[in-house]
$ cat my_file_11.pdb   # PDB, C-alpha atoms, pLDDT in the B column
ATOM      1  CA  MET A  24      84.865 113.052 136.266  1.00 67.00           C
ATOM      2  CA  GLU A  25      84.590 109.437 135.071  1.00 73.00           C
ATOM      3  CA  HIS A  26      82.467 110.634 132.144  1.00 76.00           C
ATOM      4  CA  ASP A  27      85.214 113.078 131.060  1.00 79.00           C
ATOM      5  CA  ILE A  28      87.965 110.451 131.385  1.00 85.00           C
ATOM      6  CA  LEU A  29      85.935 107.999 129.311  1.00 88.00           C
ATOM      7  CA  ILE A  30      85.541 110.546 126.503  1.00 87.00           C
ATOM      8  CA  VAL A  31      89.271 111.380 126.510  1.00 90.00           C
ATOM      9  CA  VAL A  32      90.257 107.695 126.292  1.00 90.00           C
ATOM     10  CA  ALA A  33      87.682 107.038 123.555  1.00 89.00           C
ATOM     11  CA  VAL A  34      88.826 110.070 121.534  1.00 91.00           C
ATOM     12  CA  PHE A  35      92.443 108.891 121.773  1.00 92.00           C
ATOM     13  CA  LEU A  36      91.598 105.389 120.525  1.00 88.00           C
ATOM     14  CA  VAL A  37      89.420 106.712 117.704  1.00 86.00           C
ATOM     15  CA  ALA A  38      92.188 109.102 116.628  1.00 88.00           C
ATOM     16  CA  VAL A  39      94.770 106.293 116.533  1.00 85.00           C
ATOM     17  CA  LEU A  40      92.616 104.062 114.379  1.00 80.00           C
ATOM     18  CA  TYR A  41      91.217 106.658 112.002  1.00 81.00           C
ATOM     19  CA  SER A  42      94.493 108.479 111.430  1.00 82.00           C
ATOM     20  CA  SER A  43      96.104 105.159 110.482  1.00 78.00           C
ATOM     21  CA  VAL A  44      93.940 105.194 107.329  1.00 73.00           C
ATOM     22  CA  GLY A  45      94.223 108.948 106.715  1.00 74.00           C
ATOM     23  CA  HIS A  46      90.967 109.995 108.371  1.00 78.00           C
ATOM     24  CA  GLY A  47      90.270 112.670 110.961  1.00 82.00           C
ATOM     25  CA  GLY A  48      87.912 110.512 113.012  1.00 81.00           C
ATOM     26  CA  ALA A  49      84.795 112.706 113.041  1.00 84.00           C
ATOM     27  CA  SER A  50      82.378 109.812 112.634  1.00 81.00           C
ATOM     28  CA  GLY A  51      84.100 108.057 115.544  1.00 83.00           C
ATOM     29  CA  TYR A  52      83.954 111.156 117.765  1.00 88.00           C
ATOM     30  CA  LEU A  53      80.301 111.629 116.841  1.00 85.00           C
ATOM     31  CA  ALA A  54      79.607 108.011 117.787  1.00 83.00           C
ATOM     32  CA  VAL A  55      81.341 108.488 121.156  1.00 84.00           C
ATOM     33  CA  MET A  56      79.306 111.608 121.847  1.00 85.00           C
ATOM     34  CA  ALA A  57      76.099 109.858 120.753  1.00 80.00           C
ATOM     35  CA  PHE A  58      76.761 106.993 123.183  1.00 80.00           C
ATOM     36  CA  LEU A  59      77.441 109.451 126.001  1.00 80.00           C
ATOM     37  CA  ALA A  60      74.392 111.631 125.244  1.00 73.00           C
ATOM     38  CA  VAL A  61      76.293 114.809 124.356  1.00 79.00           C
ATOM     39  CA  SER A  62      73.984 117.532 123.007  1.00 78.00           C
ATOM     40  CA  PRO A  63      73.681 117.656 119.176  1.00 74.00           C
ATOM     41  CA  THR A  64      74.494 121.377 119.273  1.00 76.00           C
ATOM     42  CA  VAL A  65      77.898 120.447 120.682  1.00 82.00           C
ATOM     43  CA  THR A  66      78.682 117.342 118.619  1.00 84.00           C
ATOM     44  CA  ARG A  67      78.998 118.904 115.164  1.00 82.00           C
ATOM     45  CA  PRO A  68      81.498 121.719 115.928  1.00 85.00           C
ATOM     46  CA  THR A  69      83.431 119.518 118.376  1.00 88.00           C
ATOM     47  CA  ALA A  70      83.895 116.746 115.813  1.00 87.00           C
ATOM     48  CA  LEU A  71      85.071 119.257 113.205  1.00 88.00           C
ATOM     49  CA  VAL A  72      87.552 120.864 115.610  1.00 90.00           C
ATOM     50  CA  LEU A  73      89.040 117.465 116.495  1.00 90.00           C
ATOM     51  CA  ASN A  74      89.156 116.688 112.770  1.00 90.00           C
ATOM     52  CA  LEU A  75      91.357 119.739 112.158  1.00 91.00           C
ATOM     53  CA  PHE A  76      94.120 118.412 114.364  1.00 92.00           C
ATOM     54  CA  VAL A  77      94.037 114.735 113.453  1.00 91.00           C
ATOM     55  CA  ALA A  78      93.573 115.283 109.705  1.00 90.00           C
ATOM     56  CA  SER A  79      96.485 117.757 109.697  1.00 92.00           C
ATOM     57  CA  ILE A  80      98.749 115.196 111.341  1.00 89.00           C
ATOM     58  CA  SER A  81      97.564 112.438 108.983  1.00 87.00           C
ATOM     59  CA  PHE A  82      98.129 114.577 105.914  1.00 92.00           C
ATOM     60  CA  VAL A  83     101.660 115.559 106.936  1.00 91.00           C
ATOM     61  CA  GLN A  84     102.652 111.949 107.616  1.00 86.00           C
ATOM     62  CA  PHE A  85     101.174 110.532 104.411  1.00 87.00           C
ATOM     63  CA  TYR A  86     102.492 113.451 102.339  1.00 92.00           C
ATOM     64  CA  ARG A  87     106.004 113.005 103.725  1.00 90.00           C
ATOM     65  CA  ALA A  88     105.780 109.327 102.812  1.00 86.00           C
ATOM     66  CA  ARG A  89     104.815 110.442  99.254  1.00 89.00           C
ATOM     67  CA  HIS A  90     101.302 109.076  99.460  1.00 88.00           C
ATOM     68  CA  PHE A  91      99.459 111.974  97.841  1.00 93.00           C
ATOM     69  CA  ASP A  92      98.288 113.237  94.437  1.00 93.00           C
ATOM     70  CA  TRP A  93      97.442 116.918  93.929  1.00 94.00           C
ATOM     71  CA  LYS A  94      95.821 116.291  90.538  1.00 93.00           C
ATOM     72  CA  ILE A  95      93.201 113.996  92.051  1.00 94.00           C
ATOM     73  CA  PHE A  96      92.716 116.037  95.210  1.00 96.00           C
ATOM     74  CA  ALA A  97      92.210 119.465  93.600  1.00 96.00           C
ATOM     75  CA  PRO A  98      88.889 119.000  91.735  1.00 96.00           C
ATOM     76  CA  PHE A  99      87.254 117.166  94.640  1.00 97.00           C
ATOM     77  CA  ALA A 100      88.255 119.938  97.037  1.00 97.00           C
ATOM     78  CA  ALA A 101      87.333 122.766  94.660  1.00 96.00           C
ATOM     79  CA  ALA A 102      83.692 121.680  94.750  1.00 96.00           C
ATOM     80  CA  SER A 103      83.527 120.395  98.324  1.00 97.00           C
ATOM     81  CA  ILE A 104      84.853 123.491 100.119  1.00 97.00           C
ATOM     82  CA  PRO A 105      82.006 125.897  99.212  1.00 97.00           C
ATOM     83  CA  PHE A 106      79.375 123.218  99.769  1.00 96.00           C
ATOM     84  CA  ALA A 107      80.819 122.308 103.172  1.00 95.00           C
ATOM     85  CA  PHE A 108      80.441 125.983 104.096  1.00 95.00           C
ATOM     86  CA  ILE A 109      76.805 125.925 102.953  1.00 95.00           C
ATOM     87  CA  GLY A 110      76.170 122.709 104.876  1.00 92.00           C
ATOM     88  CA  GLY A 111      77.675 124.245 107.994  1.00 90.00           C
ATOM     89  CA  MET A 112      75.224 127.156 107.765  1.00 91.00           C
ATOM     90  CA  ILE A 113      72.198 124.848 107.730  1.00 88.00           C
ATOM     91  CA  HIS A 114      70.711 124.068 111.141  1.00 83.00           C
ATOM     92  CA  LEU A 115      68.539 120.977 110.938  1.00 81.00           C
ATOM     93  CA  PRO A 116      65.873 120.060 113.498  1.00 83.00           C
ATOM     94  CA  THR A 117      67.376 117.759 116.136  1.00 77.00           C
ATOM     95  CA  THR A 118      65.266 114.774 115.030  1.00 81.00           C
ATOM     96  CA  VAL A 119      66.302 115.132 111.383  1.00 83.00           C
ATOM     97  CA  TYR A 120      69.935 115.686 112.329  1.00 81.00           C
ATOM     98  CA  LYS A 121      69.996 112.519 114.438  1.00 80.00           C
ATOM     99  CA  ILE A 122      68.577 110.444 111.569  1.00 84.00           C
ATOM    100  CA  ILE A 123      71.097 111.813 109.046  1.00 83.00           C
ATOM    101  CA  LEU A 124      73.953 111.394 111.532  1.00 80.00           C
ATOM    102  CA  GLY A 125      72.820 107.861 112.330  1.00 81.00           C
ATOM    103  CA  ALA A 126      72.774 106.934 108.643  1.00 83.00           C
ATOM    104  CA  THR A 127      76.222 108.524 108.218  1.00 82.00           C
ATOM    105  CA  LEU A 128      77.667 106.484 111.090  1.00 77.00           C
ATOM    106  CA  MET A 129      76.233 103.278 109.645  1.00 82.00           C
ATOM    107  CA  LEU A 130      77.806 104.006 106.246  1.00 78.00           C
ATOM    108  CA  ALA A 131      81.076 104.809 108.008  1.00 74.00           C
ATOM    109  CA  ALA A 132      80.839 101.440 109.778  1.00 75.00           C
ATOM    110  CA  LEU A 133      80.502  99.704 106.418  1.00 76.00           C
ATOM    111  CA  ARG A 134      83.564 101.535 105.111  1.00 66.00           C
ATOM    112  CA  LEU A 135      85.702 100.530 108.094  1.00 65.00           C
ATOM    113  CA  ALA A 136      84.607  96.901 108.025  1.00 71.00           C
ATOM    114  CA  ILE A 137      85.577  96.298 104.394  1.00 71.00           C
ATOM    115  CA  LYS A 138      89.108  96.190 103.038  1.00 67.00           C
ATOM    116  CA  LEU A 139      89.165  97.685  99.562  1.00 59.00           C
ATOM    117  CA  THR A 140      91.976  96.827  97.164  1.00 63.00           C
ATOM    118  CA  SER A 141      92.400  96.375  93.429  1.00 59.00           C
ATOM    119  CA  GLU A 142      94.967  94.560  91.322  1.00 63.00           C
ATOM    120  CA  LEU A 143      94.333  96.833  88.333  1.00 67.00           C
ATOM    121  CA  GLU A 144      96.399  99.884  87.410  1.00 76.00           C
ATOM    122  CA  PRO A 145      94.675 103.029  88.794  1.00 78.00           C
ATOM    123  CA  ARG A 146      93.113 105.381  86.240  1.00 85.00           C
ATOM    124  CA  PRO A 147      92.550 109.097  87.012  1.00 83.00           C
ATOM    125  CA  PRO A 148      88.903 110.244  87.162  1.00 88.00           C
ATOM    126  CA  LYS A 149      87.218 112.762  84.876  1.00 91.00           C
ATOM    127  CA  ILE A 150      87.154 116.261  86.339  1.00 93.00           C
ATOM    128  CA  TRP A 151      83.365 116.702  86.121  1.00 94.00           C
ATOM    129  CA  ILE A 152      82.845 113.516  88.123  1.00 95.00           C
ATOM    130  CA  CYS A 153      85.247 114.766  90.803  1.00 95.00           C
ATOM    131  CA  LEU A 154      83.393 118.074  90.983  1.00 96.00           C
ATOM    132  CA  ALA A 155      79.986 116.404  91.339  1.00 96.00           C
ATOM    133  CA  ILE A 156      81.164 113.980  94.023  1.00 96.00           C
ATOM    134  CA  GLY A 157      83.067 116.720  95.836  1.00 96.00           C
ATOM    135  CA  ALA A 158      79.974 118.940  95.999  1.00 97.00           C
ATOM    136  CA  ILE A 159      77.820 116.169  97.463  1.00 95.00           C
ATOM    137  CA  LEU A 160      80.435 115.117 100.016  1.00 94.00           C
ATOM    138  CA  GLY A 161      81.093 118.727 100.984  1.00 95.00           C
ATOM    139  CA  LEU A 162      77.406 119.387 101.683  1.00 94.00           C
ATOM    140  CA  VAL A 163      77.100 116.227 103.804  1.00 90.00           C
ATOM    141  CA  SER A 164      80.322 117.136 105.635  1.00 89.00           C
ATOM    142  CA  GLY A 165      79.021 120.533 106.668  1.00 89.00           C
ATOM    143  CA  LEU A 166      75.553 119.264 107.567  1.00 88.00           C
ATOM    144  CA  VAL A 167      76.650 116.398 109.790  1.00 86.00           C
ATOM    145  CA  GLY A 168      80.044 117.498 111.129  1.00 84.00           C
ATOM    146  CA  VAL A 169      82.416 115.139 109.317  1.00 85.00           C
ATOM    147  CA  GLY A 170      85.209 115.839 106.858  1.00 87.00           C
ATOM    148  CA  GLY A 171      83.938 113.530 104.122  1.00 87.00           C
ATOM    149  CA  GLY A 172      87.026 111.344 103.919  1.00 84.00           C
ATOM    150  CA  ILE A 173      85.169 108.310 105.235  1.00 81.00           C
ATOM    151  CA  PHE A 174      83.185 108.443 101.976  1.00 85.00           C
ATOM    152  CA  LEU A 175      85.869 109.731  99.613  1.00 89.00           C
ATOM    153  CA  THR A 176      88.333 106.925 100.357  1.00 84.00           C
ATOM    154  CA  PRO A 177      86.013 104.058  99.314  1.00 82.00           C
ATOM    155  CA  ILE A 178      84.964 105.986  96.202  1.00 86.00           C
ATOM    156  CA  LEU A 179      88.591 106.457  95.170  1.00 87.00           C
ATOM    157  CA  LEU A 180      89.321 102.773  95.723  1.00 82.00           C
ATOM    158  CA  LEU A 181      86.113 101.285  94.322  1.00 80.00           C
ATOM    159  CA  MET A 182      86.485 103.344  91.151  1.00 85.00           C
ATOM    160  CA  ASN A 183      90.184 102.412  90.972  1.00 86.00           C
ATOM    161  CA  TRP A 184      91.259 106.055  90.785  1.00 91.00           C
ATOM    162  CA  THR A 185      94.290 105.642  93.048  1.00 88.00           C
ATOM    163  CA  GLU A 186      96.026 103.139  95.316  1.00 85.00           C
ATOM    164  CA  PRO A 187      95.112 102.756  99.033  1.00 79.00           C
ATOM    165  CA  LYS A 188      97.841 104.814 100.706  1.00 83.00           C
ATOM    166  CA  LYS A 189      97.456 107.690  98.241  1.00 88.00           C
ATOM    167  CA  ALA A 190      93.711 107.544  98.848  1.00 86.00           C
ATOM    168  CA  ALA A 191      94.463 107.943 102.564  1.00 84.00           C
ATOM    169  CA  GLY A 192      96.695 110.971 101.938  1.00 90.00           C
ATOM    170  CA  ILE A 193      94.154 112.604  99.618  1.00 94.00           C
ATOM    171  CA  SER A 194      91.332 111.975 102.084  1.00 91.00           C
ATOM    172  CA  ALA A 195      93.339 113.458 104.960  1.00 91.00           C
ATOM    173  CA  LEU A 196      93.683 116.855 103.251  1.00 95.00           C
ATOM    174  CA  PHE A 197      90.099 116.621 101.943  1.00 96.00           C
ATOM    175  CA  ILE A 198      88.917 116.198 105.536  1.00 93.00           C
ATOM    176  CA  LEU A 199      91.032 119.125 106.714  1.00 94.00           C
ATOM    177  CA  VAL A 200      89.763 121.655 104.167  1.00 96.00           C
ATOM    178  CA  ASN A 201      86.133 120.559 104.558  1.00 94.00           C
ATOM    179  CA  SER A 202      86.350 120.728 108.349  1.00 93.00           C
ATOM    180  CA  ILE A 203      87.677 124.284 108.154  1.00 94.00           C
ATOM    181  CA  SER A 204      84.949 125.268 105.699  1.00 94.00           C
ATOM    182  CA  GLY A 205      82.201 123.590 107.756  1.00 91.00           C
ATOM    183  CA  LEU A 206      83.368 125.361 110.899  1.00 90.00           C
ATOM    184  CA  LEU A 207      83.394 128.734 109.153  1.00 91.00           C
ATOM    185  CA  GLY A 208      79.816 128.138 108.032  1.00 89.00           C
ATOM    186  CA  ASN A 209      78.905 127.113 111.576  1.00 79.00           C
ATOM    187  CA  TYR A 210      81.208 129.464 113.503  1.00 79.00           C
ATOM    188  CA  ALA A 211      78.523 130.616 115.963  1.00 76.00           C
ATOM    189  CA  GLN A 212      78.364 127.128 117.499  1.00 74.00           C
ATOM    190  CA  ILE A 213      82.093 127.144 118.248  1.00 77.00           C
ATOM    191  CA  ALA A 214      81.171 129.095 121.397  1.00 75.00           C
ATOM    192  CA  GLN A 215      79.272 126.001 122.561  1.00 75.00           C
ATOM    193  CA  LEU A 216      82.353 123.778 122.660  1.00 82.00           C
ATOM    194  CA  PRO A 217      82.590 122.036 126.056  1.00 80.00           C
ATOM    195  CA  PRO A 218      85.105 123.351 128.644  1.00 82.00           C
ATOM    196  CA  THR A 219      86.938 120.009 128.511  1.00 84.00           C
ATOM    197  CA  VAL A 220      87.491 120.240 124.750  1.00 87.00           C
ATOM    198  CA  PHE A 221      91.208 120.996 125.236  1.00 90.00           C
ATOM    199  CA  TRP A 222      91.647 117.599 126.908  1.00 92.00           C
ATOM    200  CA  TRP A 223      89.838 116.023 123.956  1.00 91.00           C
ATOM    201  CA  ILE A 224      92.114 117.864 121.522  1.00 92.00           C
ATOM    202  CA  SER A 225      95.208 116.673 123.407  1.00 93.00           C
ATOM    203  CA  ALA A 226      93.972 113.080 123.244  1.00 93.00           C
ATOM    204  CA  ALA A 227      93.171 113.427 119.533  1.00 92.00           C
ATOM    205  CA  VAL A 228      96.607 114.881 118.751  1.00 92.00           C
ATOM    206  CA  GLY A 229      98.403 112.128 120.651  1.00 93.00           C
ATOM    207  CA  GLY A 230      96.351 109.437 118.972  1.00 90.00           C
ATOM    208  CA  GLY A 231      96.709 111.093 115.593  1.00 88.00           C
ATOM    209  CA  VAL A 232     100.512 111.145 115.769  1.00 89.00           C
ATOM    210  CA  ILE A 233     100.665 107.459 116.691  1.00 87.00           C
ATOM    211  CA  GLY A 234      98.085 106.280 114.164  1.00 82.00           C
ATOM    212  CA  ALA A 235      99.288 108.368 111.225  1.00 82.00           C
ATOM    213  CA  THR A 236     102.911 107.338 111.787  1.00 82.00           C
ATOM    214  CA  LEU A 237     101.994 103.660 111.833  1.00 76.00           C
ATOM    215  CA  GLY A 238      99.465 103.912 109.005  1.00 72.00           C
ATOM    216  CA  SER A 239     101.738 105.759 106.593  1.00 69.00           C
ATOM    217  CA  LYS A 240     104.437 103.095 106.986  1.00 66.00           C
ATOM    218  CA  ARG A 241     103.297  99.627 108.042  1.00 60.00           C
ATOM    219  CA  PHE A 242     100.004  99.417 109.931  1.00 55.00           C
ATOM    220  CA  ASP A 243      97.127  97.168 108.820  1.00 56.00           C
ATOM    221  CA  SER A 244      94.366  97.190 111.411  1.00 55.00           C
ATOM    222  CA  MET A 245      91.406  95.311 109.937  1.00 61.00           C
ATOM    223  CA  THR A 246      90.449  93.580 113.198  1.00 57.00           C
ATOM    224  CA  LEU A 247      90.437  96.821 115.171  1.00 54.00           C
ATOM    225  CA  ARG A 248      88.612  98.595 112.361  1.00 61.00           C
ATOM    226  CA  ARG A 249      85.851  95.986 112.431  1.00 64.00           C
ATOM    227  CA  VAL A 250      85.482  96.376 116.176  1.00 57.00           C
ATOM    228  CA  LEU A 251      85.112 100.125 115.677  1.00 57.00           C
ATOM    229  CA  ALA A 252      82.695  99.504 112.788  1.00 68.00           C
ATOM    230  CA  PHE A 253      80.465  97.537 115.159  1.00 66.00           C
ATOM    231  CA  GLY A 254      80.502 100.455 117.599  1.00 60.00           C
ATOM    232  CA  LEU A 255      79.590 102.912 114.841  1.00 67.00           C
ATOM    233  CA  LEU A 256      76.752 100.663 113.716  1.00 74.00           C
ATOM    234  CA  ILE A 257      75.281 100.520 117.225  1.00 70.00           C
ATOM    235  CA  ALA A 258      75.654 104.295 117.656  1.00 68.00           C
ATOM    236  CA  GLY A 259      73.943 104.890 114.310  1.00 73.00           C
ATOM    237  CA  LEU A 260      71.026 102.646 115.244  1.00 76.00           C
ATOM    238  CA  LYS A 261      70.784 104.359 118.642  1.00 69.00           C
ATOM    239  CA  LEU A 262      70.512 107.790 117.011  1.00 68.00           C
ATOM    240  CA  ILE A 263      67.885 106.711 114.493  1.00 74.00           C
ATOM    241  CA  PHE A 264      65.622 104.666 116.752  1.00 69.00           C
ATOM    242  CA  THR A 265      65.882 106.406 120.135  1.00 60.00           C
TER     243      THR A 265
END
$ encode --input "my_file_11.pdb" --output "structure tokens"
Amino acid sequence: MEHDILIVVAVFLVAVLYSSVGHGGASGYLAVMAFLAVSPTVTRPTALVLNLFVASISFVQFYRARHFDWKIFAPFAAASIPFAFIGGMIHLPTTVYKIILGATLMLAALRLAIKLTSELEPRPPKIWICLAIGAILGLVSGLVGVGGGIFLTPILLLMNWTEPKKAAGISALFILVNSISGLLGNYAQIAQLPPTVFWWISAAVGGGVIGATLGSKRFDSMTLRRVLAFGLLIAGLKLIFT
């Protein structure tokens, strides 16, 4: 019982923080499940299912606040969706999966710990670059059980392709479509979702509404993000070395 309550509280907090920057929270949910020794066969589909709800809420809030750009989103998604499906179909050995997931969580920690901004005027990317990046991120999304937004956002900002809040809105929908595609490629494992998953979904939805509302309007949470980044780093190291 205490184990279940701990997961619900952790999922809620992860959803609040991630949705505030337009993310679904998959890397955070995966870290929580890694800490609590949830089976790898359960973690990937569960994280993607939670992503569906939180990313949907984030997208709606950021879109309503006019923080979105279809022209930038479309080419990334066009390439990522089929590759997320392919990634979802691939079943890696548990040892390999844990190493890849651990590395993913550590990269996600780096993303959360750094505040990325630019004083320059954003310039739209070339379509072929978007397609190449989208394909890579889509494959990783399906393989690991994330939506890819944790990687897309820093790319958009580092390359100065859009401003931070639009990057959050673009990443939110990117996460949503990749999560759907990854689940379709991995639909057989949906039957392995834990019985308590509906409590997890409720916590994720509640956290997502709060975080996305604050993030799309006035929330800057660098301190909390760095605390979460530390947790992701430890979870990543735990997966790789234990």
$ closest_atom_pairs --input "my_file_11.pdb" --of "region 63-179 of chain A" --to "region 225-231 of chain A" --cutoff "7 Å" --atoms "only C-alpha atoms" --output "tab-separated table"
residue	atom	partner	partner_atom	distance
A:Leu73	CA	A:Ala227	CA	6.5
A:Phe76	CA	A:Val228	CA	6.2
A:Val77	CA	A:Gly231	CA	5.0
A:Ile80	CA	A:Gly231	CA	6.3
A:Ser81	CA	A:Gly231	CA	6.8
$ residues_around --input "my_file_11.pdb" --residues "Phe99 (chain A)" --least-positions-apart "6" --cutoff "7 Å" --atoms "all atoms listed in the file" --output "ChimeraX atom specification"
/A:153-154,156-157
$ resolve_selection --input "my_file_11.pdb" --expression "the PyMOL selection byres ((chain A and resi 234) around 9)" --output "list in words"
Ala38, Val39, Leu40, Tyr41, Ser42, Ser43, Val44, Gly45, Ser81, Gly229, Gly230, Gly231, Val232, Ile233, Ala235, Thr236, Leu237, Gly238, Ser239 and Phe242 of chain A
$ write_last_selection --input "my_file_11.pdb" --atoms "C-alpha atoms" --output "PDB file, in the coordinates of the input"
ATOM      1  CA  ALA A  38      92.188 109.102 116.628  1.00 88.00           C
ATOM      2  CA  VAL A  39      94.770 106.293 116.533  1.00 85.00           C
ATOM      3  CA  LEU A  40      92.616 104.062 114.379  1.00 80.00           C
ATOM      4  CA  TYR A  41      91.217 106.658 112.002  1.00 81.00           C
ATOM      5  CA  SER A  42      94.493 108.479 111.430  1.00 82.00           C
ATOM      6  CA  SER A  43      96.104 105.159 110.482  1.00 78.00           C
ATOM      7  CA  VAL A  44      93.940 105.194 107.329  1.00 73.00           C
ATOM      8  CA  GLY A  45      94.223 108.948 106.715  1.00 74.00           C
ATOM      9  CA  SER A  81      97.564 112.438 108.983  1.00 87.00           C
ATOM     10  CA  GLY A 229      98.403 112.128 120.651  1.00 93.00           C
ATOM     11  CA  GLY A 230      96.351 109.437 118.972  1.00 90.00           C
ATOM     12  CA  GLY A 231      96.709 111.093 115.593  1.00 88.00           C
ATOM     13  CA  VAL A 232     100.512 111.145 115.769  1.00 89.00           C
ATOM     14  CA  ILE A 233     100.665 107.459 116.691  1.00 87.00           C
ATOM     15  CA  ALA A 235      99.288 108.368 111.225  1.00 82.00           C
ATOM     16  CA  THR A 236     102.911 107.338 111.787  1.00 82.00           C
ATOM     17  CA  LEU A 237     101.994 103.660 111.833  1.00 76.00           C
ATOM     18  CA  GLY A 238      99.465 103.912 109.005  1.00 72.00           C
ATOM     19  CA  SER A 239     101.738 105.759 106.593  1.00 69.00           C
ATOM     20  CA  PHE A 242     100.004  99.417 109.931  1.00 55.00           C
TER      21      PHE A 242
END
$ closest_residue --input "my_file_11.pdb" --among "A:Pro98, A:Gly51, A:Pro177, A:Pro218" --to "Trp151 (chain A)" --atoms "only C-alpha atoms"
A:Pro98
$ resolve_selection --input "my_file_11.pdb" --expression "the PyMOL selection byres ((chain A and resi 126) around 10)" --output "list in words"
Tyr120, Lys121, Ile122, Ile123, Leu124, Gly125, Thr127, Leu128, Met129, Leu130, Ala131, Ala132, Leu256, Ala258, Gly259, Leu260, Leu262 and Ile263 of chain A
$ residues_around --input "my_file_11.pdb" --residues "region 163-173 of chain A" --least-positions-apart "6" --cutoff "6 Å" --atoms "only C-alpha atoms" --output "CSV table (one decimal) with C-alpha atoms, in the coordinates of the input"
chain,number,residue,atom,x,y,z
A,49,ALA,CA,84.8,112.7,113.0
A,67,ARG,CA,79.0,118.9,115.2
A,71,LEU,CA,85.1,119.3,113.2
A,107,ALA,CA,80.8,122.3,103.2
A,110,GLY,CA,76.2,122.7,104.9
A,111,GLY,CA,77.7,124.2,108.0
A,124,LEU,CA,74.0,111.4,111.5
A,194,SER,CA,91.3,112.0,102.1
A,198,ILE,CA,88.9,116.2,105.5
A,201,ASN,CA,86.1,120.6,104.6
A,202,SER,CA,86.4,120.7,108.3
A,205,GLY,CA,82.2,123.6,107.8
$ atom_distance --input "my_file_11.pdb" --atom1 "CA of Ala195 (chain A)" --atom2 "CA of Gln84 (chain A)"
9.8 Å
$ closest_residue --input "my_file_11.pdb" --among "A:Ile224, A:Ile28, A:Leu162, A:Val83" --to "Met112 (chain A)" --atoms "all atoms listed in the file"
A:Leu162
$ residues_around --input "my_file_11.pdb" --residues "Phe96 (chain A)" --least-positions-apart "2" --cutoff "12 Å" --atoms "only C-alpha atoms" --output "number ranges by chain"
A: 90-94, 98-104, 147-148, 150, 153-154, 156-157, 172, 175-176, 179, 184-185, 189-198, 200
$ closest_residue --input "my_file_11.pdb" --among "A:His26, A:Arg146, A:His46, A:His114" --to "Met182 (chain A)" --atoms "all atoms listed in the file"
A:Arg146
$ closest_residue --input "my_file_11.pdb" --among "A:Leu206, A:Val31, A:Ile257, A:Ile178" --to "Leu75 (chain A)" --atoms "only C-alpha atoms"
A:Leu206
